[in-house]
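Chemist: Contents of final_8.txt (compact mmCIF, C-alpha atoms) are below:
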# COMPACT_ATOMS: atom_id res chain seq x y z
CA MET F 1 52.04 26.92 14.58
CA PRO F 2 53.05 23.49 13.30
CA PRO F 3 53.09 22.87 9.54
CA ALA F 4 49.94 21.46 7.94
CA GLU F 5 51.59 18.10 7.39
CA GLU F 6 51.78 17.65 11.16
CA TYR F 7 48.01 17.87 11.48
CA TRP F 8 47.25 15.02 9.17
CA ARG F 9 50.03 12.77 10.38
CA LEU F 10 48.81 10.39 13.05
CA SER F 11 51.03 9.53 15.95
CA ASP F 12 52.76 6.19 15.75
CA GLY F 13 51.46 5.28 19.19
CA ALA F 14 49.17 2.44 20.19
CA GLY F 15 45.97 4.44 19.45
CA ASN F 16 46.04 3.38 15.80
CA TRP F 17 46.19 -0.25 16.71
CA VAL F 18 43.37 0.09 19.22
CA PHE F 19 41.14 1.46 16.48
CA ALA F 20 42.21 -1.31 14.12
CA ALA F 21 41.41 -3.82 16.85
CA VAL F 22 37.91 -2.30 17.21
CA CYS F 23 37.36 -2.70 13.45
CA PHE F 24 38.59 -6.26 13.69
CA ALA F 25 36.25 -6.95 16.63
CA ILE F 26 33.26 -5.59 14.69
CA ALA F 27 34.28 -7.73 11.72
CA LEU F 28 34.38 -10.75 14.04
CA VAL F 29 30.87 -9.97 15.31
CA LEU F 30 29.71 -9.77 11.69
CA MET F 31 31.37 -13.09 10.87
CA ARG F 32 29.70 -14.67 13.88
CA LEU F 33 26.29 -13.36 12.75
CA ILE F 34 26.95 -14.75 9.28
CA LEU F 35 27.91 -18.15 10.71
CA ARG F 36 24.73 -18.20 12.81
CA GLU F 37 22.75 -17.29 9.67
CA ARG F 38 21.38 -14.13 11.23
CA ILE F 39 22.71 -12.08 8.30
CA THR F 40 23.88 -13.18 4.86
CA LEU F 41 27.42 -12.97 3.56
CA GLN F 42 26.08 -11.39 0.38
CA GLY F 43 24.44 -8.58 2.34
CA SER F 44 27.43 -8.08 4.63
CA MET F 45 30.23 -7.93 2.06
CA SER F 46 30.04 -4.16 1.64
CA PHE F 47 30.21 -3.70 5.41
CA LEU F 48 33.20 -6.02 5.68
CA VAL F 49 34.99 -4.16 2.89
CA PHE F 50 34.25 -0.87 4.65
CA LEU F 51 35.72 -2.21 7.92
CA ALA F 52 38.80 -3.49 6.10
CA LEU F 53 39.32 -0.06 4.56
CA LEU F 54 38.96 1.64 7.95
CA GLY F 55 41.39 -0.83 9.47
CA GLY F 56 43.81 -0.22 6.60
CA MET F 57 43.59 3.52 7.13
CA VAL F 58 44.83 3.29 10.69
CA VAL F 59 47.40 0.58 10.07
CA PHE F 60 48.97 2.63 7.26
CA PRO F 61 48.60 6.23 8.43
CA ASP F 62 51.23 7.59 6.06
CA ILE F 63 49.41 6.40 2.98
CA THR F 64 46.12 7.61 4.46
CA GLY F 65 47.71 10.96 5.26
CA TRP F 66 48.97 11.29 1.73
CA VAL F 67 45.48 10.53 0.32
CA ALA F 68 43.86 12.96 2.78
CA HIS F 69 46.32 15.70 1.88
CA ALA F 70 45.79 15.08 -1.84
CA LEU F 71 42.03 15.45 -1.29
CA GLY F 72 42.53 18.76 0.50
CA PHE F 73 42.06 17.72 4.13
CA SER F 74 44.37 19.48 6.56
CA THR F 75 43.84 16.99 9.37
CA LEU F 76 43.57 13.26 9.13
CA ALA F 77 40.70 13.22 11.63
CA ASN F 78 38.54 15.30 9.29
CA PHE F 79 39.31 13.02 6.40
CA PHE F 80 38.52 10.00 8.53
CA PHE F 81 35.16 11.37 9.67
CA CYS F 82 34.16 12.45 6.16
CA ALA F 83 35.11 9.06 4.70
CA ALA F 84 33.27 7.20 7.47
CA ILE F 85 30.11 9.33 7.13
CA ALA F 86 30.08 8.91 3.35
CA ALA F 87 30.61 5.16 3.59
CA LEU F 88 27.94 4.74 6.27
CA THR F 89 25.48 6.82 4.22
CA ILE F 90 26.06 4.62 1.19
CA LEU F 91 25.69 1.48 3.30
CA HIS F 92 22.49 2.82 4.85
CA LEU F 93 20.96 3.73 1.49
CA ARG F 94 21.88 0.33 0.14
CA ALA F 95 20.23 -1.34 3.14
CA LEU F 96 17.15 0.86 2.67
CA VAL F 97 16.80 -0.18 -0.97
CA THR F 98 17.16 -3.84 -0.04
CA LEU F 99 14.70 -3.52 2.82
CA SER F 100 12.10 -1.76 0.65
CA ARG F 101 12.44 -4.39 -2.05
CA VAL F 102 12.05 -7.19 0.49
CA GLN F 103 9.04 -5.41 2.02
CA LEU F 104 7.30 -5.12 -1.37
CA ARG F 105 8.01 -8.76 -2.17
CA SER F 106 6.76 -9.78 1.24
CA ILE F 107 3.49 -7.91 0.66
CA ALA F 108 3.04 -9.50 -2.76
CA LEU F 109 3.78 -12.96 -1.33
CA THR F 110 1.35 -12.45 1.56
CA GLN F 111 -1.41 -11.47 -0.88
CA GLU F 112 -0.59 -14.38 -3.19
CA LEU F 113 -0.62 -16.80 -0.30
CA ALA F 114 -4.07 -15.58 0.80
CA LEU F 115 -5.43 -15.86 -2.76
CA GLN F 116 -4.10 -19.39 -3.20
CA GLN F 117 -5.33 -20.42 0.24
CA GLU F 118 -8.82 -19.17 -0.58
CA LYS F 119 -8.76 -21.09 -3.85
CA LEU F 120 -7.68 -24.21 -1.99
CA ASP F 121 -10.39 -23.79 0.65
CA ARG F 122 -13.06 -23.51 -2.00
CA LEU F 123 -11.77 -26.54 -3.86
CA ALA F 124 -11.72 -28.52 -0.63
CA LEU F 125 -15.28 -27.43 0.10
CA GLN F 126 -16.31 -28.37 -3.41
CA LEU F 127 -14.75 -31.83 -3.07
CA ALA F 128 -16.29 -32.38 0.34
CA SER F 129 -19.83 -31.48 -0.68
CA PRO F 130 -20.34 -30.54 -4.32
CA GLU F 131 -23.93 -29.42 -3.78
CA ARG F 132 -22.81 -26.87 -1.12
CA ALA F 133 -20.07 -25.42 -3.24
CA PRO F 134 -20.54 -21.90 -4.54
CA PRO F 135 -21.68 -21.60 -8.14
CA ARG F 136 -18.40 -20.09 -9.29
CA GLY F 137 -14.95 -21.00 -8.19
CA PRO F 138 -11.94 -18.72 -8.10
CA GLY F 139 -10.46 -18.26 -11.53
CA VAL F 140 -13.52 -19.75 -13.18
CA PRO F 141 -15.18 -17.31 -15.52
CA PRO F 142 -18.96 -17.05 -15.63
CA GLU F 143 -20.59 -19.64 -17.83
CA PRO F 144 -21.22 -18.42 -21.34
CA GLY F 145 -24.80 -17.88 -22.37
CA PRO F 146 -26.56 -20.10 -24.89
CA MET Z 1 -32.18 7.58 -18.43
CA THR Z 2 -31.85 3.89 -19.28
CA VAL Z 3 -29.65 1.64 -17.23
CA ALA Z 4 -27.74 -0.92 -19.27
CA THR Z 5 -29.25 -4.37 -18.76
CA VAL Z 6 -26.07 -6.36 -19.39
CA ALA Z 7 -25.31 -8.62 -16.40
CA VAL Z 8 -22.30 -7.45 -14.46
CA ARG Z 9 -20.33 -9.21 -11.75
CA LEU Z 10 -19.68 -7.10 -8.70
CA LEU Z 11 -17.29 -8.01 -5.92
CA VAL Z 12 -17.68 -6.30 -2.56
CA ILE Z 13 -14.27 -6.06 -0.91
CA ILE Z 14 -14.30 -5.64 2.87
CA PRO Z 15 -10.85 -5.03 4.34
CA ALA Z 16 -11.06 -5.92 8.02
CA PHE Z 17 -8.56 -5.71 10.85
CA ASN Z 18 -9.96 -6.77 14.24
CA GLU Z 19 -13.53 -6.01 13.17
CA GLN Z 20 -15.35 -8.92 14.79
CA GLU Z 21 -17.87 -6.56 16.40
CA ALA Z 22 -19.06 -4.75 13.28
CA LEU Z 23 -18.43 -7.32 10.58
CA GLY Z 24 -21.33 -9.68 11.31
CA GLY Z 25 -23.92 -6.94 11.07
CA LEU Z 26 -22.35 -5.55 7.92
CA LEU Z 27 -22.47 -8.96 6.21
CA ARG Z 28 -26.11 -9.44 7.24
CA GLU Z 29 -26.95 -6.04 5.75
CA LEU Z 30 -25.18 -6.94 2.52
CA HIS Z 31 -27.01 -10.26 2.23
CA ALA Z 32 -30.30 -8.49 2.90
CA LEU Z 33 -29.84 -6.06 0.00
CA PRO Z 34 -32.52 -6.29 -2.65
CA GLY Z 35 -30.98 -7.80 -5.75
CA GLU Z 36 -30.17 -5.20 -8.33
CA PRO Z 37 -31.27 -6.20 -11.83
CA GLY Z 38 -28.37 -7.37 -13.94
CA VAL Z 39 -25.90 -7.37 -11.06
CA ALA Z 40 -24.40 -10.57 -9.61
CA LEU Z 41 -22.90 -9.74 -6.25
CA GLU Z 42 -20.19 -11.60 -4.33
CA ILE Z 43 -18.59 -10.62 -1.05
CA VAL Z 44 -14.99 -11.12 0.03
CA VAL Z 45 -13.63 -10.24 3.45
CA VAL Z 46 -9.90 -9.57 3.54
CA ASP Z 47 -8.78 -10.40 7.05
CA ASP Z 48 -5.69 -8.25 7.49
CA GLY Z 49 -3.92 -10.39 10.07
CA SER Z 50 -6.57 -9.89 12.76
CA ALA Z 51 -5.94 -11.17 16.26
CA ASP Z 52 -9.65 -11.54 17.02
CA ARG Z 53 -12.44 -13.66 15.48
CA THR Z 54 -12.78 -11.61 12.30
CA ALA Z 55 -12.11 -14.62 10.05
CA GLU Z 56 -14.66 -16.80 11.84
CA VAL Z 57 -17.29 -14.05 11.67
CA ALA Z 58 -16.61 -13.64 7.95
CA ARG Z 59 -16.98 -17.37 7.31
CA ALA Z 60 -20.13 -17.57 9.40
CA GLY Z 61 -21.48 -14.59 7.48
CA GLY Z 62 -21.23 -16.47 4.21
CA ALA Z 63 -18.48 -14.34 2.68
CA ARG Z 64 -15.44 -15.48 0.80
CA LEU Z 65 -12.35 -15.02 2.94
CA LEU Z 66 -8.86 -13.88 2.06
CA ARG Z 67 -6.77 -14.36 5.16
CA LEU Z 68 -3.50 -12.42 5.13
CA CYS Z 69 -0.93 -14.11 7.31
CA ARG Z 70 0.37 -10.77 8.57
CA ASN Z 71 -0.97 -7.25 8.84
CA LEU Z 72 -0.31 -5.36 5.60
CA GLY Z 73 -2.35 -2.27 6.34
CA ILE Z 74 -5.46 -1.09 4.53
CA GLY Z 75 -3.72 -0.68 1.16
CA GLY Z 76 -2.31 -4.21 1.09
CA ALA Z 77 -5.66 -5.65 2.14
CA VAL Z 78 -7.61 -3.73 -0.49
CA GLN Z 79 -5.12 -4.68 -3.18
CA ALA Z 80 -5.55 -8.36 -2.28
CA GLY Z 81 -9.28 -7.98 -2.95
CA VAL Z 82 -8.62 -6.04 -6.14
CA LEU Z 83 -6.27 -8.80 -7.32
CA LEU Z 84 -9.03 -11.34 -6.73
CA ALA Z 85 -11.55 -9.24 -8.66
CA HIS Z 86 -9.13 -8.66 -11.53
CA ARG Z 87 -8.06 -12.31 -11.83
CA GLU Z 88 -11.59 -13.64 -11.70
CA GLY Z 89 -12.84 -11.19 -14.28
CA PHE Z 90 -15.24 -9.17 -12.15
CA ASP Z 91 -16.63 -6.11 -13.89
CA PHE Z 92 -16.66 -3.96 -10.79
CA ALA Z 93 -15.39 -4.10 -7.25
CA VAL Z 94 -16.67 -1.99 -4.38
CA GLN Z 95 -14.58 -1.34 -1.31
CA ILE Z 96 -16.53 -1.09 1.93
CA ASP Z 97 -14.88 -0.57 5.30
CA GLY Z 98 -15.23 -3.45 7.72
CA ASP Z 99 -16.15 -1.11 10.58
CA GLY Z 100 -19.65 -0.58 9.19
CA GLN Z 101 -19.14 3.13 8.38
CA HIS Z 102 -20.36 2.60 4.85
CA PRO Z 103 -24.01 1.58 4.70
CA PRO Z 104 -24.52 -1.20 2.14
CA GLY Z 105 -27.82 0.46 1.25
CA GLU Z 106 -25.83 3.21 -0.49
CA LEU Z 107 -23.97 0.78 -2.71
CA HIS Z 108 -26.48 1.08 -5.53
CA ARG Z 109 -25.61 4.76 -5.97
CA LEU Z 110 -22.01 3.90 -6.84
CA VAL Z 111 -23.11 1.11 -9.18
CA GLU Z 112 -25.54 3.42 -10.99
CA VAL Z 113 -22.82 5.98 -11.64
CA ALA Z 114 -20.36 3.29 -12.71
CA ARG Z 115 -22.86 1.98 -15.23
CA GLY Z 116 -23.22 5.42 -16.71
CA ALA Z 117 -26.66 6.04 -15.29
CA GLY Z 118 -25.85 8.40 -12.47
CA PRO Z 119 -25.43 12.16 -12.41
CA ASP Z 120 -22.47 13.58 -14.26
CA ARG Z 121 -19.87 14.12 -11.56
CA GLY Z 122 -16.57 14.11 -13.38
CA PRO Z 123 -14.77 15.01 -16.60
CA GLY Z 124 -15.52 12.64 -19.46
CA VAL Z 125 -18.29 10.98 -17.47
CA GLY Z 126 -21.92 11.20 -18.40
CA PRO Z 127 -24.95 9.25 -19.50
CA GLY Z 128 -23.81 5.93 -20.95
CA VAL Z 129 -20.13 6.61 -20.23
CA GLY Z 130 -19.23 5.22 -16.84
CA PRO Z 131 -16.22 6.34 -14.85
CA ASP Z 132 -13.37 4.00 -13.94
CA LEU Z 133 -13.38 4.99 -10.30
CA VAL Z 134 -16.39 6.19 -8.31
CA ILE Z 135 -15.87 7.76 -4.90
CA GLY Z 136 -18.68 7.87 -2.38
CA THR Z 137 -18.51 11.30 -0.77
CA ARG Z 138 -19.96 12.26 2.60
CA TYR Z 139 -19.51 15.99 1.98
CA ARG Z 140 -21.92 16.62 -0.88
CA ASP Z 141 -25.04 15.92 1.14
CA ALA Z 142 -25.83 17.27 4.58
CA THR Z 143 -27.41 13.97 5.63
CA GLY Z 144 -25.64 11.18 7.47
CA PHE Z 145 -22.69 11.10 9.82
CA ARG Z 146 -19.98 13.72 9.34
CA SER Z 147 -16.49 13.28 10.72
CA THR Z 148 -14.82 15.51 13.32
CA ALA Z 149 -13.75 19.08 12.58
CA LEU Z 150 -10.09 18.02 12.62
CA ARG Z 151 -10.71 15.32 10.04
CA ARG Z 152 -12.69 17.70 7.86
CA LEU Z 153 -9.78 20.14 8.05
CA GLY Z 154 -7.38 17.39 7.02
CA SER Z 155 -9.69 16.42 4.20
CA ALA Z 156 -9.81 20.04 3.02
CA TRP Z 157 -6.02 20.17 2.94
CA LEU Z 158 -5.85 16.96 0.91
CA ARG Z 159 -8.47 18.32 -1.50
CA LEU Z 160 -6.25 21.32 -2.02
CA VAL Z 161 -3.12 19.21 -2.52
CA LEU Z 162 -4.90 16.89 -4.95
CA TYR Z 163 -6.24 19.82 -6.94
CA ALA Z 164 -2.89 21.63 -6.99
CA VAL Z 165 -1.02 18.54 -8.15
CA THR Z 166 -3.52 16.70 -10.34
CA ARG Z 167 -6.28 19.26 -11.06
CA LEU Z 168 -8.72 16.68 -9.75
CA VAL Z 169 -11.75 18.07 -7.93
CA ILE Z 170 -12.83 15.60 -5.27
CA SER Z 171 -14.80 16.60 -2.21
CA ASP Z 172 -13.90 13.55 -0.10
CA PRO Z 173 -10.40 12.34 -0.99
CA THR Z 174 -10.10 10.12 2.10
CA SER Z 175 -13.29 8.17 1.44
CA GLY Z 176 -12.79 4.42 1.43
CA PHE Z 177 -16.26 3.84 -0.01
CA ARG Z 178 -15.36 3.48 -3.66
CA LEU Z 179 -16.07 1.47 -6.75
CA TYR Z 180 -13.41 0.26 -9.17
CA GLY Z 181 -14.22 -0.33 -12.82
CA PRO Z 182 -12.28 -2.72 -15.07
CA ARG Z 183 -9.55 -0.21 -15.91
CA ALA Z 184 -9.11 0.72 -12.27
CA LEU Z 185 -8.98 -2.95 -11.29
CA ARG Z 186 -6.27 -3.57 -13.87
CA LEU Z 187 -4.26 -0.56 -12.69
CA PHE Z 188 -4.59 -1.16 -8.97
CA ALA Z 189 -3.91 -4.89 -9.27
CA GLU Z 190 -0.47 -3.80 -10.47
CA THR Z 191 0.20 -0.89 -8.19
CA TYR Z 192 -1.59 0.32 -5.10
CA PRO Z 193 -0.25 2.40 -2.23
CA TYR Z 194 0.00 0.48 1.04
CA ASP Z 195 -0.03 3.17 3.68
CA PHE Z 196 -3.02 5.61 3.91
CA PRO Z 197 -3.80 4.80 0.28
CA GLU Z 198 -6.97 6.70 -0.64
CA PRO Z 199 -5.65 10.15 -1.70
CA GLU Z 200 -2.52 8.66 -3.22
CA SER Z 201 -4.52 6.18 -5.27
CA LEU Z 202 -6.54 9.10 -6.65
CA ALA Z 203 -3.33 10.74 -7.82
CA ILE Z 204 -2.24 7.47 -9.45
CA ALA Z 205 -5.64 7.09 -11.12
CA ARG Z 206 -5.52 10.64 -12.41
CA ALA Z 207 -1.98 10.31 -13.72
CA SER Z 208 -2.97 7.07 -15.45
CA GLY Z 209 -5.80 8.77 -17.30
CA LEU Z 210 -8.64 7.08 -15.42
CA ARG Z 211 -12.02 8.78 -15.26
CA VAL Z 212 -12.83 9.59 -11.66
CA ALA Z 213 -16.30 10.53 -10.49
CA GLU Z 214 -17.97 10.94 -7.15
CA VAL Z 215 -21.46 10.50 -5.81
CA ALA Z 216 -23.06 11.66 -2.59
CA VAL Z 217 -23.62 8.89 -0.05
CA ALA Z 218 -24.72 8.88 3.55
CA MET Z 219 -22.17 7.49 5.98
CA ARG Z 220 -22.49 6.57 9.61
CA GLU Z 221 -20.29 6.16 12.66
CA ARG Z 222 -18.14 3.08 12.92
CA GLN Z 223 -20.20 0.22 14.32
CA GLY Z 224 -17.37 -1.24 16.40
CA GLY Z 225 -13.62 -1.50 16.80
CA ARG Z 226 -11.10 1.37 16.92
CA SER Z 227 -9.76 3.76 14.31
CA SER Z 228 -6.13 3.21 13.35
CA ILE Z 229 -5.62 6.98 13.00
CA SER Z 230 -5.40 8.26 16.54
CA GLY Z 231 -2.87 9.93 18.83
CA ALA Z 232 -0.05 11.52 16.81
CA ALA Z 233 -0.92 9.51 13.71
CA PRO Z 234 -2.96 12.33 12.04
CA ILE Z 235 0.16 14.53 11.85
CA TYR Z 236 2.18 11.74 10.28
CA TYR Z 237 -0.79 10.95 8.03
CA MET Z 238 -1.00 14.49 6.65
CA LEU Z 239 2.73 14.79 6.05
CA LYS Z 240 3.07 11.37 4.51
CA VAL Z 241 0.02 11.66 2.27
CA THR Z 242 0.98 15.13 1.04
CA VAL Z 243 4.40 13.93 -0.06
CA ALA Z 244 2.97 10.67 -1.38
CA VAL Z 245 0.39 12.40 -3.59
CA VAL Z 246 3.06 14.53 -5.26
CA LEU Z 247 5.49 11.64 -5.73
CA ALA Z 248 2.84 9.16 -6.87
CA TYR Z 249 1.55 11.56 -9.49
CA LEU Z 250 5.02 12.38 -10.81
CA ARG Z 251 6.13 8.74 -10.79
CA THR Z 252 3.02 7.49 -12.57
CA ARG Z 253 3.28 10.24 -15.18
CA THR Z 254 6.94 9.41 -15.75
CA VAL Z 255 6.27 5.68 -15.99
CA ARG Z 256 3.42 6.31 -18.45
CA ALA Z 257 5.59 8.60 -20.55
CA ARG Z 258 8.40 6.11 -20.94
CA GLY Z 259 6.19 2.99 -21.07
CA PRO Z 260 5.89 0.14 -18.58
CA LYS Z 261 9.07 -1.41 -17.33
CA ASP Z 262 9.88 -4.25 -14.90
CA GLY Z 263 10.01 -3.08 -11.32
CA ASP Z 264 7.92 0.05 -11.87
CA ALA Z 265 4.76 -1.56 -10.69
CA ALA Z 266 5.74 -1.56 -7.04
CA GLY Z 267 3.34 0.27 -4.78
Using structure tokens, write down the structure from this file.

Modeler:
Amino acid sequence: MPPAEEYWRLSDGAGNWVFAAVCFAIALVLMRLILRERITLQGSMSFLVFLALLGGMVVFPDITGWVAHALGFSTLANFFFCAAIAALTILHLRALVTLSRVQLRSIALTQELALQQEKLDRLALQLASPERAPPRGPGVPPEPGP
Amino acid sequence: MTVATVAVRLLVIIPAFNEQEALGGLLRELHALPGEPGVALEIVVVDDGSADRTAEVARAGGARLLRLCRNLGIGGAVQAGVLLAHREGFDFAVQIDGDGQHPPGELHRLVEVARGAGPDRGPGVGPGVGPDLVIGTRYRDATGFRSTALRRLGSAWLRLVLYAVTRLVISDPTSGFRLYGPRALRLFAETYPYDFPEPESLAIARASGLRVAEVAVAMRERQGGRSSISGAAPIYYMLKVTVAVVLAYLRTRTVRARGPKDGDAAG
């Protein structure tokens, strides 16, 4: 049975660098999407930081192993999966909050647009033929009594 | 019982999504209504991003038209009409489905109750004291069209949930035939649920201290178009609405307890 330290120490082989290269490739895809204005830099920063941390973990396995051991993980793989799941959960929740906020604003804007458009239509109708215009326009309160 | 003779402005809100078949007839029925004394009636059709000729039919039918540039769902469409009523100072607004299920001839029943002249159907409501929200119920009278057994079962479940959470006794919690008074207009202009909104809006109204009443109305089958709740949607509907009623009630109570705050008004 090898000592616990052996479990959380990654091999120094090329596998680490392959994973780092995958992180780098994903970061490149993100950068490309940002440059093409498909996603915003502001919204992607947390994802880029997460990728940099993942890349750092595999480039410096000794430091990562020390952190994992200090947190009570016996194998580095477990630590890696836990950290990745936690980070992705946080990123997903953050995206969900942003999406919900945008959805609510979009609904409010759609309603506002319809209300303003209706007001505009009525004004246009009133200008075109005042006698055909409805007695009350939008936003105009009923005429006060004598 | 004397009906108040003060003139009131009433806006009829018709949310419509691909309702070109039923809408024309509904508008003709509304225009043919005998004028109620002291009530000035206006009609607005909220075209919820329809792909058919709903907007043209609404214009041809002489209604005001709010045209949403994308489909928001029934809640978003109703809230657009409520916003219009609230901003333009209407006293009451009545929601009528664009599929023709709600006969315009029954509208006067809701107005009578709202003006404090109808039968006492809710706590704090009685002669001279109108409720803030009047629900037209199809389950208090045996007359008129009644929905399928599955829908009635769903409605019974929602009645139970609403009572358990809010202590509100409503026989038809999914009814979209409803009248909003000034307080309800103010509340729902700020916050209104967007997805399957009827039961959830009752929980919000209850938590906000609004007086809710109901009155028996006759309903009929939809006069055209297709229901949005079909296939597996009823299962999702029941789950979503059950959770939504609980959360909406708790959230509204919490917001009321700590006072209004920016960002709390989201539906």

Chemist: Would you kindly return, as a list in words, each protein, DNA or RNA residue with an atom no farther than 7 Å from any atom of Ala114 (chain Z), considering all atoms listed in the file and excluding same-chain residues fewer than 2 positions away?

Modeler: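 In the requested form, the answer reads Leu110, Val111, Glu112, Gly116, Gly130, Pro131 and Val134 of chain Z.
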
Chemist: Between CA of Cys23 (chain F) and CA of Gly72 (chain F), measure the distance and give it in Å to one decimal.

Modeler: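 Result for CA of Cys23 (chain F) versus CA of Gly72 (chain F): 25.6 Å, one decimal.
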
Chemist: Can you check which parts of chain Z lie within 6 Å of chain F? Per residue, the shortest pair of atoms and distance in Å to one decimal, counting all atoms listed in the file, sorted by chain and number, as CSV.

Modeler:
residue,atom,partner,partner_atom,distance
Z:Leu66,CA,F:Ala114,CA,5.2
Z:Arg67,CA,F:Ala114,CA,5.3
Z:Leu68,CA,F:Ala114,CA,5.4
Z:Ala80,CA,F:Gln111,CA,5.4
Z:Glu88,CA,F:Gly139,CA,4.8

Chemist: Please produce an output containing C-alpha atoms for each residue in the selection, written as a PDB file, in the coordinates of the input.

Modeler:
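Writing done, so here's again-v7.pdb:
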ATOM      1  CA  LEU Z  66      -8.860 -13.880   2.060  1.00  0.00           C
ATOM      2  CA  ARG Z  67      -6.770 -14.360   5.160  1.00  0.00           C
ATOM      3  CA  LEU Z  68      -3.500 -12.420   5.130  1.00  0.00           C
ATOM      4  CA  ALA Z  80      -5.550  -8.360  -2.280  1.00  0.00           C
ATOM      5  CA  GLU Z  88     -11.590 -13.640 -11.700  1.00  0.00           C
TER       6      GLU Z  88
END

Chemist: Using all atoms listed in the file, collect all residues at a distance of at most 6 Å from (-20.8, 4.7, -4.0) as written in the file, then present them as a compact mmCIF listing (two decimals) with C-alpha atoms, in the coordinates of the input.

Modeler:
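Result written to part00.txt:
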# COMPACT_ATOMS: atom_id res chain seq x y z
CA LEU Z 107 -23.97 0.78 -2.71
CA ARG Z 109 -25.61 4.76 -5.97
CA LEU Z 110 -22.01 3.90 -6.84
CA ILE Z 135 -15.87 7.76 -4.90
CA GLY Z 136 -18.68 7.87 -2.38
CA ARG Z 178 -15.36 3.48 -3.66

Chemist: Choose the residue, out of F:Val29, F:Leu91, F:Val102, F:Ile63, that has the smallest atom-to-atom separation from Leu76 (chain F); count all atoms listed in the file.

Modeler: F:Ile63

Chemist: Using all atoms listed in the file and a cutoff of 10 Å, can you tell me which residues are near (-16.5, -2.3, -15.4) in the file's coordinates, and write them out as a PyMOL selection string?

Modeler: chain Z and resi 8-10+89-93+111+114-115+130-133+179-185

Chemist: My structure is short of atoms at region 81-93 of chain F; please model N, CA and C atoms there, returning them as a compact mmCIF listing (two decimals), in the coordinates of the input.

Modeler:
# COMPACT_ATOMS: atom_id res chain seq x y z
N PHE F 81 36.59 11.21 9.40
CA PHE F 81 35.16 11.37 9.67
C PHE F 81 34.35 11.51 8.37
N CYS F 82 34.87 12.27 7.44
CA CYS F 82 34.16 12.45 6.16
C CYS F 82 34.02 11.11 5.45
N ALA F 83 35.13 10.35 5.40
CA ALA F 83 35.11 9.06 4.70
C ALA F 83 34.13 8.11 5.39
N ALA F 84 34.16 8.11 6.72
CA ALA F 84 33.27 7.20 7.47
C ALA F 84 31.80 7.57 7.26
N ILE F 85 31.51 8.89 7.31
CA ILE F 85 30.11 9.33 7.13
C ILE F 85 29.62 8.96 5.72
N ALA F 86 30.48 9.21 4.73
CA ALA F 86 30.08 8.91 3.35
C ALA F 86 29.83 7.42 3.18
N ALA F 87 30.76 6.62 3.73
CA ALA F 87 30.61 5.16 3.59
C ALA F 87 29.35 4.66 4.31
N LEU F 88 29.13 5.18 5.51
CA LEU F 88 27.94 4.74 6.27
C LEU F 88 26.65 5.17 5.57
N THR F 89 26.67 6.37 4.96
CA THR F 89 25.48 6.82 4.22
C THR F 89 25.19 5.89 3.06
N ILE F 90 26.24 5.53 2.34
CA ILE F 90 26.06 4.62 1.19
C ILE F 90 25.53 3.27 1.68
N LEU F 91 26.14 2.78 2.76
CA LEU F 91 25.69 1.48 3.30
C LEU F 91 24.23 1.55 3.75
N HIS F 92 23.87 2.67 4.36
CA HIS F 92 22.49 2.82 4.85
C HIS F 92 21.50 2.87 3.69
N LEU F 93 21.85 3.64 2.66
CA LEU F 93 20.96 3.73 1.49
C LEU F 93 20.80 2.37 0.82
